[in-house]
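Student: I have a structure here, written as structure tokens, and I will follow up with some questions on it.
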Amino acid sequence: MMELIDKNNMAVCALQQGKSEKALHLLSTALTILKEQYARRATTTETPCLRRQPLCCVHEEEEESAIEIEPDRSADDHDDEWSLCVDMEEDDETVPSVFSVARGDIYSNSDGLVLNYNKALMVLQNLTDLDVLTSIVLYNMGIVNHGQAIERGSSSLLTTALKFYKMATNVIQGKQEIDKAGDFVLLVSFHNMAHIHSSRFCPEEMRGCFDATRLLLTQDSTHLFLDEDDLSFFSMSSLLEVKDIRSAPAA
């Protein structure tokens, strides 16, 4: 777990420095490790679990294409760039295991409507749930591609970002019990999926995602992970239900 947490957090640091390709390389490495972890877990006998129903239904793309990531091969020297030492009791439920960090670059747009959440997710050492960590890595892959899509005006990168967000929500919703951190990942993922659907003029899908964010915002546990600015951001943007919403700058 520690290696995976470090990979994720170093990727977030790279994003803060505006090094999105390096972040992609680190996150793709983390996903490779995660695949190996799940392959080993699949060899053990597990009891079937009941899954919570999805918070909203999102239409799939007509044709799923493979997600290709071109890693930054020059990003091998990163071991000394990340360090986070937190002295805490692991059973202290008042200390969140996940927190958001703003990207180094801010998306800009002339529309003036704020929708997409541009923060990546860092993880503290008290997170022990492999599924939640997996969803966080997937969400961060989504946020990197989402940012590049807005900056470059690329519809294909927007599609890739949507796929990563969907995978992040699927991992969480496949759990028997969803903890506070899992609900937080669902909140940020559904919110950004709403932004993508709005930019594609898909009002039904957008409203479904916003409905999910509203439901998650009613839970007191979700507020544990949100600072005052983030809470205001999600509360206001989740109220937006207009037919034609365009891509907008991040908070």
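Ordering of the structure tokens sets the chain letters (A, B, ...), residue numbers begin anew at 1 in every chain, and ligands are numbered from 1 in the order given.
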Env of Ser100 of chain A: 10 Å cut, atoms = only C-alpha atoms, seq-sep filter 5 positions within chain, self excluded. Answer as a list of chain:residue names.
Tutor: A:Val12, A:Asn118, A:Lys119, A:Ala120, A:Leu121, A:Met122, A:Val123, A:Val188, A:Phe225, A:Leu226, A:Asp227, A:Asp230
Student: Those same residues, written as a CSV table (one decimal), in the first residue's frame with N, CA and C atoms?
Tutor:
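To be explicit, this is the file written out as part_12.csv:
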```csv
chain,number,residue,atom,x,y,z
A,12,VAL,N,0.5,13.7,-7.8
A,12,VAL,CA,-0.2,14.9,-7.5
A,12,VAL,C,0.8,16.1,-7.4
A,118,ASN,N,-11.2,21.0,-10.3
A,118,ASN,CA,-9.8,20.7,-10.9
A,118,ASN,C,-8.8,20.2,-9.9
A,119,LYS,N,-9.3,19.8,-8.7
A,119,LYS,CA,-8.3,19.3,-7.7
A,119,LYS,C,-8.0,17.8,-7.8
A,120,ALA,N,-6.8,17.5,-7.5
A,120,ALA,CA,-6.4,16.1,-7.5
A,120,ALA,C,-6.5,15.6,-6.0
A,121,LEU,N,-6.4,14.3,-5.8
A,121,LEU,CA,-6.6,13.8,-4.5
A,121,LEU,C,-5.3,13.1,-4.0
A,122,MET,N,-4.9,13.6,-2.8
A,122,MET,CA,-3.7,13.0,-2.1
A,122,MET,C,-4.2,12.0,-1.0
A,123,VAL,N,-3.4,11.1,-0.6
A,123,VAL,CA,-3.7,10.1,0.4
A,123,VAL,C,-2.8,10.1,1.5
A,188,VAL,N,-16.6,13.8,-6.1
A,188,VAL,CA,-15.8,14.5,-7.0
A,188,VAL,C,-15.9,13.9,-8.4
A,225,PHE,N,-14.3,15.8,4.4
A,225,PHE,CA,-13.2,16.0,3.4
A,225,PHE,C,-13.2,17.3,2.7
A,226,LEU,N,-14.3,18.1,3.0
A,226,LEU,CA,-14.4,19.4,2.2
A,226,LEU,C,-14.0,20.6,3.1
A,227,ASP,N,-13.2,21.5,2.5
A,227,ASP,CA,-13.0,22.7,3.3
A,227,ASP,C,-14.1,23.7,2.9
A,230,ASP,N,-14.5,24.5,-0.9
A,230,ASP,CA,-15.0,23.3,-1.7
A,230,ASP,C,-16.5,23.1,-1.4
```
Student: Would you mind listing what lies within 7 Å of Ala23 of chain A as number ranges by chain, with only C-alpha atoms counted and same-chain residues fewer than 5 positions away left out?
Tutor: A: 11-12, 14-15
Student: Between atom CA of Asp183 of chain A and atom CA of Thr128 of chain A, what distance in Å does the model show, to one decimal?
Tutor: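 Taking atom CA of Asp183 of chain A and atom CA of Thr128 of chain A, their separation equals 15.4 Å.
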Student: Interatomic distance between atom CA of Gln16 of chain A and atom CA of Ala194 of chain A?
Tutor: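 Spanning atom CA of Gln16 of chain A to atom CA of Ala194 of chain A is a straight-line distance of 24.0 Å.
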Student: So what do you get for atom CA of Ala30 of chain A versus atom CA of Phe99 of chain A, distance-wise?
Tutor: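 These two atoms are separated by 18.5 Å.
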